[in-house]
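First comes the structure, then the notes that go with it.
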Amino acid sequence: MSKIEHNDSIIGRKYADLPGQGAEKGAITLPGERAREPEAGEESILLTTLETAMGWVRGNSLWPMPFGTACCAIEMMSMLASHYDIARFGAEVVRFSPRQADLMIVAGTIVDKMGPVLKKIYDQMPEPKYVLAMGACATSGGFYRAYHVMQGIDEIVPVDIWVPGCPPTPDGLLYGILKLKEKIERGEIRR
Amino acid sequence: MSTPTRFSSMPYTGPAPTNRSPYIPKGVDAIDKRGEEIEAKIAAPYVTSVPGQDLPTFIVEREKIVEVLRKLKEDTELRFELPVDLFGVDYPRRPEGRFDVVYQLYSFKNNERVRLVVHTDEDKAVPSSLPVFQGFDWFEREAWDMYGIKFDGHYNLRRILTHEMFQGHALRKDYDPAQRWLLTEKDVAKIVPVVEHHPEDSDFEQVTLNLGPSHPATHGTLRIVVTLDGERIIGADTEIGYLHRCFEKMSETHTYQQVIPFTDRLNYCSAIINNVGYCMAVEKLLGIEAPPRAQYIRLVLSEFMRIADHLVCIATNVLDMGALTNFWYLFQPREEIYQLVEACCGARLLPTYTRVGGLSVDAPANFLDMAKTLVKKLPKHIDDAEKLLLRNRIFLQRVEGVGAITRESAINHGYTGPCLRATGVAYDVRKAHPYMGYETYDFDIPVAEGGDTLARTLVRLEEMRQSLRILRQAIDRGLPAGPVIVDDPYVALPPKEKVYNEMESLIYHFKLIMHGIQPPVGETYFQVEGGNGELGFHLVSDGSKNPYRVRVRPPCFAVYQAFRKMIVGQTIADAIATLGSLNIIAGELDR
Ligand code: SF4
């Protein structure tokens, strides 16, 4: 699978005309597709690669599995709740079953006792799966350089996005999820 | 696995600069006198009172501790019924035994406390106090886990906070704070709950089911193993420690000011209350008091935090029962409370706003206006939430009579806070031992009867209203003028302008950063009313810049230990509803 080389991941819609007038031309460019003049007769056809289309779909419908353990989980709940509202980005279908999720948000300190649990849940998630490490603790153990705290979850699972902060603000976490979405749409994540 | 990095190639080996003057508590004469009275009442040769402490303190001979506890509990005039705390302290190479086991009891009748100290050693077991106080069950297990103190006669003395493969005892002074041990899946111990009674004529097989630690209804880090007969729970066990972040060890390796951010992360739903509790404990040890303006802001924010804490508790409790509307609805006012906190210090959830001796910065100019707007807005949210709950038949049917605990059992298990008040005991630290001027405010302690999930929800709803009542009075009084931190160069950093312009201040700044606050040698205990009950800090100072021992008395820990008994005989759905109403915050439970 080739890597897609350019950065504007959000789909560029070329609505030159008033709404409703240009739309029927079907002039939508997906990432990875070069903008070009439509040839006669192909105005309602959309050309892209399968993986780009899949990436676009995946990125826009993440199903998070919240692995919240500590203080960060409270801020994650804030992000899920009405004020910040993750539903705007299509990731509100929170699944507590790893079998139905593709994004694991590790929010909070992971201690050594929790390690095997985290690993098991990660293993149970179907591919493709992504991991977001929220906060200093999940990233590096935070300020707990201590006898029972894992010094970052990448000791046991691969991580796609790290969100800094202690705790990250809900907007920070949203930004992290959007960044992950871009990464997925660019097709950068391979495992 | 790892050893601490040493950054300097030439470490300083001289004695640490320390403050060797002893701590003299306020009103020490009266306390000593009361101590003598109690000693006379127990009238036993194996009890010696220790004068000069902040609570009546006695050294008790190891073999006799259970007897003394029983006497204190059953004496009709003393009635020390509430087991508050039990923990260890390590003094390596001390001739009379390496460890101290410290017990603290509270008497509702006389509103007073005692502290009992037992000297013991690695190989000398202390008789278990479970026959007298059920509430010391997990506390004894913790002392075993952290110090290796043996308790004779404890039914289940195994590790509680650390994992199965952990070697050594982490809070001993000779344990390297960064030494970790690996746990893999195959090492995880199997838990089989004890089944007390499986009916002969049951149509069902016994099934053992594991809930958590990653389960939507166990809030992330609690593990419950239940044995079922059909749908009924006939045996249950709980495992904790999935968020044991070594708070107490970390406190010993940091200076007094540096511990404050760690306290935020205990009960992270009401972080400011923890800040206040810890800082006031250190202030008590130092014999100082924060200025009135700082006390006022602390009080206002504490009450807002209490409301936020109860909101989260109720919202997540009903969320676990499937009522999503409340969750959306109750998280909104919480956001607004956080905006106020953010305006004060720039952080939302974990503000680390207080400092020893006051606050880090002054509140913004529109602090009172913001508070006023909030206080106007909140009642509507609380009323609406109440209507959404109490007019909802499904909710009522799911909580009435569910997860009940009797008053005696609650007291015996060391319950405090809303869970105790739901059984009809009007005990609130803000009334019993007023601090920050709570005695000057007019408010009631809501109590409910029954001790079930509904009672706990009702108490929380009413407590939010009482908090609003305090807030209204506070706002009417207005913000006192003056500084927000004490003017004491040995405690508070001098203001930045002075540091840049005056030699004297620069030196104080340097000294305080390098050598920290150095409280006098001694021990003290201070308690505040947290979101979940009595949150206490016991500090032991050896006069150096790091605390010798910080013990936090976590209300959740005492509350949660009775959970496995509360759910036997009920269904899983009831257990979930009960769990939510106890408001177990893992950060505080496991520390
Ligand atoms: S990063 Fe900070 S807020 Fe998040 S879990 Fe760790 S200590 Fe708590």
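Every chain in the structure tokens takes a letter, A first, then B, and so on in the order presented; its residues are numbered from 1, and the ligands are numbered from 1 following the presented order.
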Applying 8 Å and only C-alpha atoms, which residues near Tyr415 in chain B remain after dropping the ones on its own chain fewer than 5 positions away? List them as a short mmCIF file (atom, residue, chain, number, x, y, z; two decimals) with N, CA, C and O atoms, in the first residue's frame.
data_model
loop_
_atom_site.label_atom_id
_atom_site.label_comp_id
_atom_site.auth_asym_id
_atom_site.auth_seq_id
_atom_site.Cartn_x
_atom_site.Cartn_y
_atom_site.Cartn_z
N LEU B 82 -16.15 4.94 66.17
CA LEU B 82 -15.81 5.04 64.75
C LEU B 82 -14.33 4.75 64.55
O LEU B 82 -13.48 5.49 65.03
N ALA B 410 -22.49 0.51 59.42
CA ALA B 410 -21.79 1.62 58.76
C ALA B 410 -20.75 2.22 59.70
O ALA B 410 -19.62 2.48 59.30
N LEU B 420 -22.50 7.73 55.42
CA LEU B 420 -22.87 7.58 56.83
C LEU B 420 -24.14 8.37 57.13
O LEU B 420 -25.02 7.89 57.84
N GLY B 533 -16.53 12.14 52.50
CA GLY B 533 -16.46 11.92 53.93
C GLY B 533 -15.20 12.52 54.51
O GLY B 533 -14.60 13.40 53.90
N PRO B 555 -11.58 8.43 52.73
CA PRO B 555 -12.94 8.00 53.07
C PRO B 555 -13.45 6.84 52.22
O PRO B 555 -14.11 5.94 52.73
N ALA B 558 -12.60 3.17 53.41
CA ALA B 558 -13.43 2.59 54.45
C ALA B 558 -14.80 2.22 53.90
O ALA B 558 -15.38 1.20 54.25
N VAL B 559 -15.32 3.08 53.02
CA VAL B 559 -16.67 2.85 52.51
C VAL B 559 -16.71 1.59 51.64
O VAL B 559 -17.61 0.77 51.73
#
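With a cut-off of 7 Å and using only C-alpha atoms and all ligand atoms, the polymer residues contacting ligand 1 are Ala70, Cys71, Cys72, Ala107, Gly108, Thr109, Met134, Gly135, Ala136, Cys137, Ala138, Gly142, Gly165, Cys166 and Pro167 of chain A; Arg265 of chain B.
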Output C-alpha atoms for every residue in that selection, as a PDB file, in the first residue's frame.
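Output file again.pdb follows:
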ATOM      1  CA  ALA A  70      -7.935   8.148  36.692  1.00  0.00           C
ATOM      2  CA  CYS A  71      -8.336  11.898  36.642  1.00  0.00           C
ATOM      3  CA  CYS A  72      -7.943  12.072  32.873  1.00  0.00           C
ATOM      4  CA  ALA A 107      -7.081   8.078  29.884  1.00  0.00           C
ATOM      5  CA  GLY A 108      -5.265   7.920  33.151  1.00  0.00           C
ATOM      6  CA  THR A 109      -2.409   6.349  34.977  1.00  0.00           C
ATOM      7  CA  MET A 134      -4.187  10.749  26.954  1.00  0.00           C
ATOM      8  CA  GLY A 135      -2.223  12.714  29.490  1.00  0.00           C
ATOM      9  CA  ALA A 136       1.221  12.636  30.981  1.00  0.00           C
ATOM     10  CA  CYS A 137       0.646   9.409  32.872  1.00  0.00           C
ATOM     11  CA  ALA A 138      -0.378   7.286  29.923  1.00  0.00           C
ATOM     12  CA  GLY A 142       3.722  11.497  34.465  1.00  0.00           C
ATOM     13  CA  GLY A 165      -1.295  17.624  29.578  1.00  0.00           C
ATOM     14  CA  CYS A 166      -2.089  16.711  33.129  1.00  0.00           C
ATOM     15  CA  PRO A 167      -4.960  16.452  32.458  1.00  0.00           C
TER      16      PRO A 167
ATOM     17  CA  ARG B 265      -5.065  13.541  42.230  1.00  0.00           C
TER      18      ARG B 265
END
Practice problem: Tell me the residues of chain A close to chain B, meaning within 8 Å using only C-alpha atoms, as a PyMOL selection string. | Solution: chain A and resi 67-71+74-75+78+81-83+96+109-117+144-149+167+169
Generate the output file for the selected residues, N, CA, C and O atoms, as a tab-separated table (two decimals), in the first residue's frame.
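Dumped everything to selection.tsv:
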chain	number	residue	atom	x	y	z
A	67	PHE	N	-10.69	3.66	27.90
A	67	PHE	CA	-10.01	2.95	28.97
A	67	PHE	C	-9.62	3.99	30.01
A	67	PHE	O	-8.48	4.39	30.13
A	68	GLY	N	-10.62	4.46	30.72
A	68	GLY	CA	-10.38	5.54	31.68
A	68	GLY	C	-10.08	4.98	33.04
A	68	GLY	O	-10.82	4.16	33.56
A	69	THR	N	-8.97	5.38	33.62
A	69	THR	CA	-8.67	4.88	34.95
A	69	THR	C	-8.65	6.00	35.99
A	69	THR	O	-9.04	5.78	37.12
A	70	ALA	N	-8.18	7.16	35.63
A	70	ALA	CA	-7.93	8.15	36.69
A	70	ALA	C	-8.51	9.51	36.32
A	70	ALA	O	-9.49	9.60	35.60
A	71	CYS	N	-7.85	10.53	36.81
A	71	CYS	CA	-8.34	11.90	36.64
A	71	CYS	C	-8.60	12.24	35.17
A	71	CYS	O	-9.56	12.93	34.86
A	74	ILE	N	-12.04	11.77	33.80
A	74	ILE	CA	-13.08	12.75	34.08
A	74	ILE	C	-13.11	13.80	32.97
A	74	ILE	O	-14.17	14.21	32.50
A	75	GLU	N	-11.91	14.18	32.52
A	75	GLU	CA	-11.88	15.14	31.42
A	75	GLU	C	-12.35	14.48	30.12
A	75	GLU	O	-12.94	15.13	29.27
A	78	SER	N	-15.92	14.74	30.16
A	78	SER	CA	-16.33	16.09	29.78
A	78	SER	C	-16.36	16.21	28.27
A	78	SER	O	-17.25	16.83	27.70
A	81	ALA	N	-19.42	14.61	27.02
A	81	ALA	CA	-20.69	15.19	27.44
A	81	ALA	C	-21.05	16.41	26.59
A	81	ALA	O	-20.36	16.76	25.64
A	82	SER	N	-22.13	17.04	26.97
A	82	SER	CA	-22.78	17.97	26.06
A	82	SER	C	-21.95	19.20	25.71
A	82	SER	O	-22.04	19.71	24.60
A	83	HIS	N	-21.13	19.69	26.60
A	83	HIS	CA	-20.47	20.96	26.34
A	83	HIS	C	-19.48	20.88	25.19
A	83	HIS	O	-19.49	21.70	24.29
A	96	PHE	N	-18.00	-0.06	25.31
A	96	PHE	CA	-17.17	-0.58	26.39
A	96	PHE	C	-16.68	-1.98	26.07
A	96	PHE	O	-15.89	-2.55	26.79
A	109	THR	N	-3.61	7.07	34.61
A	109	THR	CA	-2.41	6.35	34.98
A	109	THR	C	-2.63	4.86	34.79
A	109	THR	O	-3.66	4.33	35.21
A	110	ILE	N	-1.69	4.19	34.18
A	110	ILE	CA	-1.75	2.74	34.11
A	110	ILE	C	-0.68	2.22	35.07
A	110	ILE	O	0.49	2.55	34.93
A	111	VAL	N	-1.11	1.46	36.04
A	111	VAL	CA	-0.15	0.92	37.00
A	111	VAL	C	0.17	-0.52	36.60
A	111	VAL	O	-0.51	-1.10	35.75
A	112	ASP	N	1.21	-1.04	37.21
A	112	ASP	CA	1.66	-2.38	36.81
A	112	ASP	C	0.56	-3.43	36.99
A	112	ASP	O	0.49	-4.39	36.24
A	113	LYS	N	-0.27	-3.23	37.98
A	113	LYS	CA	-1.34	-4.20	38.21
A	113	LYS	C	-2.35	-4.18	37.07
A	113	LYS	O	-3.01	-5.16	36.78
A	114	MET	N	-2.50	-3.02	36.44
A	114	MET	CA	-3.47	-2.86	35.36
A	114	MET	C	-2.88	-3.31	34.03
A	114	MET	O	-3.61	-3.56	33.08
A	115	GLY	N	-1.56	-3.42	33.94
A	115	GLY	CA	-0.90	-3.71	32.68
A	115	GLY	C	-1.48	-4.89	31.91
A	115	GLY	O	-1.90	-4.74	30.76
A	116	PRO	N	-1.58	-6.07	32.54
A	116	PRO	CA	-2.12	-7.21	31.81
A	116	PRO	C	-3.54	-6.98	31.31
A	116	PRO	O	-3.91	-7.48	30.25
A	117	VAL	N	-4.31	-6.20	32.04
A	117	VAL	CA	-5.68	-5.94	31.63
A	117	VAL	C	-5.69	-5.09	30.36
A	117	VAL	O	-6.39	-5.37	29.39
A	144	TYR	N	4.58	10.45	38.36
A	144	TYR	CA	4.68	9.30	39.24
A	144	TYR	C	5.84	8.43	38.80
A	144	TYR	O	5.68	7.50	38.03
A	145	ARG	N	7.03	8.76	39.28
A	145	ARG	CA	8.16	7.89	39.00
A	145	ARG	C	8.24	6.94	40.19
A	145	ARG	O	9.04	7.11	41.09
A	146	ALA	N	7.37	5.95	40.16
A	146	ALA	CA	7.13	5.23	41.41
A	146	ALA	C	7.09	3.73	41.17
A	146	ALA	O	7.03	3.25	40.04
A	147	TYR	N	7.08	3.01	42.28
A	147	TYR	CA	7.27	1.57	42.26
A	147	TYR	C	6.12	0.78	41.66
A	147	TYR	O	6.20	-0.42	41.51
A	148	HIS	N	5.01	1.43	41.37
A	148	HIS	CA	3.85	0.67	40.92
A	148	HIS	C	3.24	1.27	39.66
A	148	HIS	O	2.16	0.91	39.25
A	149	VAL	N	3.92	2.23	39.05
A	149	VAL	CA	3.33	2.95	37.93
A	149	VAL	C	4.11	2.65	36.65
A	149	VAL	O	5.33	2.76	36.62
A	167	PRO	N	-4.43	17.20	33.60
A	167	PRO	CA	-4.96	16.45	32.46
A	167	PRO	C	-5.02	17.35	31.23
A	167	PRO	O	-5.07	18.56	31.36
A	169	THR	N	-6.87	19.34	28.45
A	169	THR	CA	-8.23	19.90	28.48
A	169	THR	C	-9.08	19.11	27.48
A	169	THR	O	-8.54	18.49	26.57
Exercise. From the DSSP assignment of the backbone, select every residue of range 32-117 of chain A that is alpha helix (DSSP H), and format the answer as a ChimeraX atom specification.
Key: /A:50-60,71-80,115-117
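Residues within 9 Å of Arg58 in chain A, counting only C-alpha atoms and excluding same-chain residues fewer than 6 positions away, are Lys181, Ile184 and Glu185 of chain A.
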Can those selected residues be exported to a file as a short mmCIF file (atom, residue, chain, number, x, y, z; two decimals), in the first residue's frame so that it contains N, CA, C and O atoms?
data_model
loop_
_atom_site.label_atom_id
_atom_site.label_comp_id
_atom_site.auth_asym_id
_atom_site.auth_seq_id
_atom_site.Cartn_x
_atom_site.Cartn_y
_atom_site.Cartn_z
N LYS A 181 -7.55 11.40 13.29
CA LYS A 181 -8.45 11.27 12.14
C LYS A 181 -7.69 11.63 10.86
O LYS A 181 -7.77 10.92 9.86
N ILE A 184 -5.39 8.86 9.98
CA ILE A 184 -6.08 7.71 9.40
C ILE A 184 -6.45 8.02 7.96
O ILE A 184 -6.28 7.19 7.07
N GLU A 185 -6.92 9.23 7.72
CA GLU A 185 -7.34 9.57 6.37
C GLU A 185 -6.16 9.60 5.41
O GLU A 185 -6.29 9.28 4.23
#
Practice problem: Using only C-alpha atoms, determine which residues lie at most 12 Å from Asn326 in chain B, disregarding the query and same-chain residues fewer than 3 positions distant; provide the list as number ranges by chain. | Solution: A: 81-82; B: 311-323, 329-333, 381-390, 392, 395
